[in-house]
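Structure, as structure tokens:
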Amino acid sequence: MMYPWQVEQWQQFTQYLSSQRLAHANLISGPAAIGKLEFCLAYMQRLNCTQPNKENTACGECNDCRLFSARTHPDVRMINVDEEVEQIKIDDIRELNKFMSLSRHIGTYKAVCINQADLMNINASNALLKTLEEPPANSIIFLVSHHAESLLATIKSRCQIWKFPLPSVKQALDWLQQQDRSVDWKSLLPGAGNRPLLAMELYETGLGEERLDYYRDIHQLMHCKEKVTKISAKLQNEELQKLVGWQQAWCADLIRCHYKKEPVTLENPDIRRSLHSLVGRVDLQSLYSFWDKLIELRRFSSAPLNKRLFIEDMLVRCQEILEQPV
Ligand SMILES: [Zn+2]
């Protein structure tokens, strides 16, 4: 599926295709939750579609399209993160290299997509380099990433880099309103950092309100108007990974605010005022140690011994970033 804010990129990609200028390796980078993967999949389908329609998108009906939709097209591969280790492992890339070395079955192109490519571990990255250096004919690899800065420079230098920007607020709101007119998207979208797919997710899961509630508690905590124990009691039945994720986003935003008075990108632009109320009172060194602590907590969040203690530990560490701890 291609989104309305991707029309320009789509035209470029299809032009490259018709003039056979598309690179063997393409890095699709840009913020999360703006539909990069969906774009990539739509394009991979288009690559092998035998009867593209007049808008130059895949027909959805030919044999190749049907196989693609059923995820059984023999010339297409998708590599995802192994959720247990939160990495893309070397075995997956080895399998991909093998796939690339075989000849095509029915398609015009062999197409591979590596989603969240920045999560390839070092061995996987090195294994991929081989295929990037000697790409088989009529093969195209897509790397999709919202942390492209973490990819090896040697990988990036072998890719054509496509930067997908955030849609404009108007584009995002137009699309969201088309999905559901009854929702107050104008208040939800800023909380999703203007990322329309995230706004949709926040609405569908009801997490938008919960998230704001959490940040309200953190605000109170940091201004000594609420106690750690009271907040932990309230949150003890919540999913810890979610809480740590919110806390990480908060921490990253606070770091951004520390360096720049009006940072352009915030994960939580709707709590900007609350963040600014803390900037002058925070010790940067402690803020960074808190960031490291959160990475560690994230790792243990799936199996803590005691949920309430886990939350209290996180909140106490959060308070400790203040120059004069409470
Ligand atoms: Zn088709």
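Residue numbering restarts at 1 in every chain; chains get A, B, ... in the order shown in the structure tokens, and ligands count up from 1 in that same order.
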
Once you count only C-alpha atoms and all ligand atoms, which residues end up within 8 Å of ligand 1, and could you hand them over as a compact mmCIF listing (two decimals) with N, CA and C atoms, in the first residue's frame?
```txt
# COMPACT_ATOMS: atom_id res chain seq x y z
N GLN A 45 5.93 -5.51 -5.03
CA GLN A 45 4.85 -6.17 -5.77
C GLN A 45 4.81 -5.62 -7.21
N ARG A 46 4.97 -4.30 -7.31
CA ARG A 46 4.94 -3.66 -8.64
C ARG A 46 6.08 -4.19 -9.52
N ASN A 48 7.30 -7.07 -9.98
CA ASN A 48 7.03 -8.31 -10.71
C ASN A 48 5.62 -8.39 -11.30
N CYS A 49 4.83 -7.35 -11.09
CA CYS A 49 3.47 -7.37 -11.64
C CYS A 49 3.54 -7.35 -13.17
N THR A 50 2.76 -8.23 -13.79
CA THR A 50 2.84 -8.32 -15.26
C THR A 50 1.83 -7.41 -15.95
N GLN A 51 0.84 -6.93 -15.20
CA GLN A 51 -0.15 -6.03 -15.83
C GLN A 51 -0.40 -4.79 -14.98
N PRO A 52 0.64 -3.98 -14.75
CA PRO A 52 0.43 -2.80 -13.90
C PRO A 52 -0.68 -1.92 -14.46
N ALA A 58 0.74 -1.90 -8.84
CA ALA A 58 0.51 -3.32 -9.15
C ALA A 58 -0.98 -3.59 -9.32
N CYS A 59 -1.30 -4.54 -10.21
CA CYS A 59 -2.71 -4.79 -10.53
C CYS A 59 -3.44 -5.54 -9.43
N GLY A 60 -2.69 -6.36 -8.68
CA GLY A 60 -3.33 -7.12 -7.61
C GLY A 60 -4.02 -8.39 -8.10
N GLU A 61 -4.00 -8.61 -9.41
CA GLU A 61 -4.75 -9.75 -9.95
C GLU A 61 -3.92 -10.77 -10.73
N CYS A 62 -2.81 -10.33 -11.28
CA CYS A 62 -2.02 -11.27 -12.07
C CYS A 62 -1.43 -12.36 -11.17
N ASN A 63 -0.88 -13.36 -11.79
CA ASN A 63 -0.35 -14.49 -11.04
C ASN A 63 0.72 -14.03 -10.03
N ASP A 64 1.64 -13.17 -10.50
CA ASP A 64 2.70 -12.69 -9.61
C ASP A 64 2.12 -11.92 -8.42
N CYS A 65 1.14 -11.07 -8.70
CA CYS A 65 0.52 -10.30 -7.62
C CYS A 65 -0.14 -11.21 -6.60
N ARG A 66 -0.83 -12.23 -7.12
CA ARG A 66 -1.52 -13.13 -6.19
C ARG A 66 -0.53 -13.88 -5.30
```

task: Skip Ser101 (chain A) itself and residues of its chain fewer than 4 positions away, then list as a PyMOL selection string all residues within 9 Å of it, counting only C-alpha atoms.
output: chain A and resi 96-97+131+135-136

For the residues in the current selection, export C-alpha atoms as a JSON list (two decimals), in the first residue's frame.
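Written out: selection-v1.json:
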```
[["chain", "number", "residue", "atom", "x", "y", "z"],
["A", 96, "LEU", "CA", 19.29, -14.51, 1.86],
["A", 97, "ASN", "CA", 22.68, -14.69, 0.16],
["A", 131, "THR", "CA", 25.93, -9.69, -1.75],
["A", 135, "PRO", "CA", 24.79, -8.16, -6.82],
["A", 136, "PRO", "CA", 23.25, -10.78, -9.11]]
```

Neighbouring residues of Leu266 (chain A) were defined as those with any atom within 8 Å, considering only C-alpha atoms; residues of the same chain fewer than 6 positions away were excluded. Please report them as an mmCIF file with C-alpha atoms, in the first residue's frame.
```
data_model
loop_
_atom_site.group_PDB
_atom_site.id
_atom_site.type_symbol
_atom_site.label_atom_id
_atom_site.label_comp_id
_atom_site.auth_asym_id
_atom_site.auth_seq_id
_atom_site.Cartn_x
_atom_site.Cartn_y
_atom_site.Cartn_z
ATOM 1 C CA GLY A 193 5.055 13.202 16.742
ATOM 2 C CA ASP A 253 13.208 14.211 24.359
ATOM 3 C CA ARG A 256 17.044 16.965 22.821
#
```

Can you tell me which residues surround Gln285 (chain A) at a distance of at most 12 Å, considering only C-alpha atoms, apart from same-chain residues fewer than 3 positions away, and format the answer as a PDB file with C-alpha atoms, in the first residue's frame?
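Saved to result.pdb:
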```pdb
ATOM      1  CA  ILE A 255      18.174  15.263  26.054  1.00  0.00           C
ATOM      2  CA  HIS A 258      18.765  20.207  26.720  1.00  0.00           C
ATOM      3  CA  VAL A 282      18.604  18.437  35.203  1.00  0.00           C
ATOM      4  CA  TYR A 288      22.797  10.061  30.248  1.00  0.00           C
ATOM      5  CA  SER A 289      23.301   7.468  32.981  1.00  0.00           C
ATOM      6  CA  PHE A 290      19.534   7.245  33.275  1.00  0.00           C
ATOM      7  CA  TRP A 291      19.393   6.613  29.533  1.00  0.00           C
ATOM      8  CA  ASP A 292      21.859   3.732  29.917  1.00  0.00           C
ATOM      9  CA  GLU A 320      18.017  11.245  40.443  1.00  0.00           C
ATOM     10  CA  ILE A 321      18.607  13.158  37.232  1.00  0.00           C
ATOM     11  CA  LEU A 322      17.589  16.350  39.027  1.00  0.00           C
ATOM     12  CA  GLU A 323      20.492  18.516  40.104  1.00  0.00           C
TER      13      GLU A 323
END
```

Residue list (strand (DSSP E or B), DSSP) for region 74-298 of chain A, as a PyMOL selection string: chain A and resi 76-79+82+87-88+110-115+120+139-145+160-163+282

Skip Tyr214 (chain A) itself and residues of its chain fewer than 3 positions away, then list as an mmCIF file with C-alpha atoms, in the first residue's frame all residues within 10 Å of it, counting only C-alpha atoms.
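As written to disk, selection-v2.cif reads:
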```cif
data_model
loop_
_atom_site.group_PDB
_atom_site.id
_atom_site.type_symbol
_atom_site.label_atom_id
_atom_site.label_comp_id
_atom_site.auth_asym_id
_atom_site.auth_seq_id
_atom_site.Cartn_x
_atom_site.Cartn_y
_atom_site.Cartn_z
ATOM 1 C CA GLU A 209 -4.662 8.742 26.900
ATOM 2 C CA GLU A 210 -2.747 6.245 29.005
ATOM 3 C CA ARG A 211 0.512 7.627 27.747
ATOM 4 C CA ASP A 217 2.509 11.413 36.753
ATOM 5 C CA ILE A 218 6.149 11.818 35.788
ATOM 6 C CA HIS A 219 5.698 15.570 35.662
ATOM 7 C CA GLN A 220 4.235 15.557 39.167
ATOM 8 C CA ILE A 231 2.750 5.914 41.073
ATOM 9 C CA LEU A 235 1.113 1.101 37.417
ATOM 10 C CA LEU A 243 6.374 1.848 30.448
ATOM 11 C CA TRP A 246 7.551 5.717 27.265
ATOM 12 C CA GLN A 247 10.264 6.541 29.732
#
```

Shell of 12 Å around Glu312 (chain A), only C-alpha atoms, local chain residues under 5 positions omitted, as a PyMOL selection string: chain A and resi 221+227-236+240+243-244+297+306-307+317-319

task: List the neighbours of Ile155 (chain A) out to 8 Å using only C-alpha atoms; skip same-chain residues closer than 5 positions along the sequence, and give me the result as number ranges by chain.
output: A: 125, 129, 132

- prompt: Which is closest to Leu37 (chain A) among A:Ile88, A:Ala172, A:Val279, A:Val144, if we use only C-alpha atoms?
  reply: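 Using only C-alpha atoms, Leu37 (chain A) sits closest to A:Val144.
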
message: When you count only C-alpha atoms, which of these residues is closest to Ala32 (chain A): A:Met314, A:Ala252, A:Leu67, A:Ala148?
response: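 Going through A:Met314, A:Ala252, A:Leu67, A:Ala148 one by one, the smallest distance to Ala32 (chain A) is for A:Ala148.
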
Point-to-point distance in Å for CA of Pro167 (chain A) and CA of Ala33 (chain A):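 Computing it gives 10.6 Å between the two atoms.
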
task: Quote the spacing between CA of Met120 (chain A) and CA of Arg104 (chain A) in Å to one decimal place.
output: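 Straight-line distance from CA of Met120 (chain A) to CA of Arg104 (chain A) works out to 25.6 Å.
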
task: Among the residues of region 145-248 of chain A, find those DSSP assigns to helix (DSSP H, G or I) from the backbone and print them as a ChimeraX atom specification.
output: /A:148-150,153-156,169-179,185-191,196-205,207-222,228-235,240-248

Restricting it to C-alpha atoms, dump the selection as a CSV table (one decimal), in the first residue's frame.
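Result file follows (selection_6.csv):
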```csv
chain,number,residue,atom,x,y,z
A,148,ALA,CA,19.8,4.5,9.3
A,149,GLU,CA,22.6,6.3,11.2
A,150,SER,CA,23.3,3.0,13.0
A,153,ALA,CA,29.1,3.0,6.6
A,154,THR,CA,30.3,0.3,4.2
A,155,ILE,CA,26.7,-0.8,3.8
A,156,LYS,CA,25.3,2.7,3.3
A,169,VAL,CA,0.4,18.0,9.2
A,170,LYS,CA,-2.3,18.6,6.5
A,171,GLN,CA,-1.5,15.4,4.6
A,172,ALA,CA,-1.5,13.4,7.8
A,173,LEU,CA,-4.8,14.9,9.1
A,174,ASP,CA,-6.5,14.5,5.7
A,175,TRP,CA,-5.6,10.8,5.6
A,176,LEU,CA,-6.5,10.2,9.2
A,177,GLN,CA,-9.9,11.9,8.7
A,178,GLN,CA,-10.5,9.7,5.7
A,179,GLN,CA,-10.0,6.6,7.9
A,185,TRP,CA,-7.1,13.6,15.2
A,186,LYS,CA,-6.0,17.1,15.7
A,187,SER,CA,-5.3,16.4,19.4
A,188,LEU,CA,-4.0,12.9,18.8
A,189,LEU,CA,-1.5,13.7,16.0
A,190,PRO,CA,0.9,15.9,18.0
A,191,GLY,CA,1.2,13.2,20.6
A,196,PRO,CA,0.0,9.3,11.1
A,197,LEU,CA,0.3,5.6,11.5
A,198,LEU,CA,1.4,6.0,15.1
A,199,ALA,CA,-1.6,8.3,15.7
A,200,MET,CA,-3.8,5.6,14.3
A,201,GLU,CA,-2.2,3.0,16.6
A,202,LEU,CA,-2.5,5.2,19.6
A,203,TYR,CA,-6.2,5.6,18.9
A,204,GLU,CA,-6.9,2.0,18.2
A,205,THR,CA,-5.1,0.7,21.3
A,207,LEU,CA,-2.8,4.2,24.5
A,208,GLY,CA,-2.9,7.9,23.7
A,209,GLU,CA,-4.7,8.7,26.9
A,210,GLU,CA,-2.7,6.2,29.0
A,211,ARG,CA,0.5,7.6,27.7
A,212,LEU,CA,-0.4,11.2,28.6
A,213,ASP,CA,-1.5,10.0,32.0
A,214,TYR,CA,1.9,8.5,32.6
A,215,TYR,CA,3.6,11.7,31.6
A,216,ARG,CA,1.4,13.6,33.9
A,217,ASP,CA,2.5,11.4,36.8
A,218,ILE,CA,6.1,11.8,35.8
A,219,HIS,CA,5.7,15.6,35.7
A,220,GLN,CA,4.2,15.6,39.2
A,221,LEU,CA,7.0,13.3,40.4
A,222,MET,CA,9.7,15.5,39.0
A,228,VAL,CA,7.2,7.1,43.8
A,229,THR,CA,5.2,4.5,45.8
A,230,LYS,CA,1.9,6.0,44.8
A,231,ILE,CA,2.7,5.9,41.1
A,232,SER,CA,4.2,2.4,41.2
A,233,ALA,CA,1.0,1.1,42.9
A,234,LYS,CA,-1.1,2.6,40.2
A,235,LEU,CA,1.1,1.1,37.4
A,240,LEU,CA,6.6,-3.0,31.7
A,241,GLN,CA,8.0,-2.9,28.2
A,242,LYS,CA,5.5,-0.2,27.4
A,243,LEU,CA,6.4,1.8,30.4
A,244,VAL,CA,10.1,1.6,29.8
A,245,GLY,CA,9.4,2.6,26.1
A,246,TRP,CA,7.6,5.7,27.3
A,247,GLN,CA,10.3,6.5,29.7
A,248,GLN,CA,12.9,6.2,27.0
```

- prompt: Interatomic distance between CA of Asn138 (chain A) and CA of Phe39 (chain A)?
  reply: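 Answer for the CA of Asn138 (chain A) to CA of Phe39 (chain A) separation: 20.0 Å.
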
field: Distance criterion (only C-alpha atoms): nearest to Arg77 (chain A) out of A:Asp92, A:Glu226, A:Asp313, A:Glu38
entry: A:Asp92

message: For a quick check of understanding, using only C-alpha atoms, which of A:Arg158, A:Arg272, A:His146, A:Lys293 has the smallest distance to Gly35 (chain A)?
response: A:His146
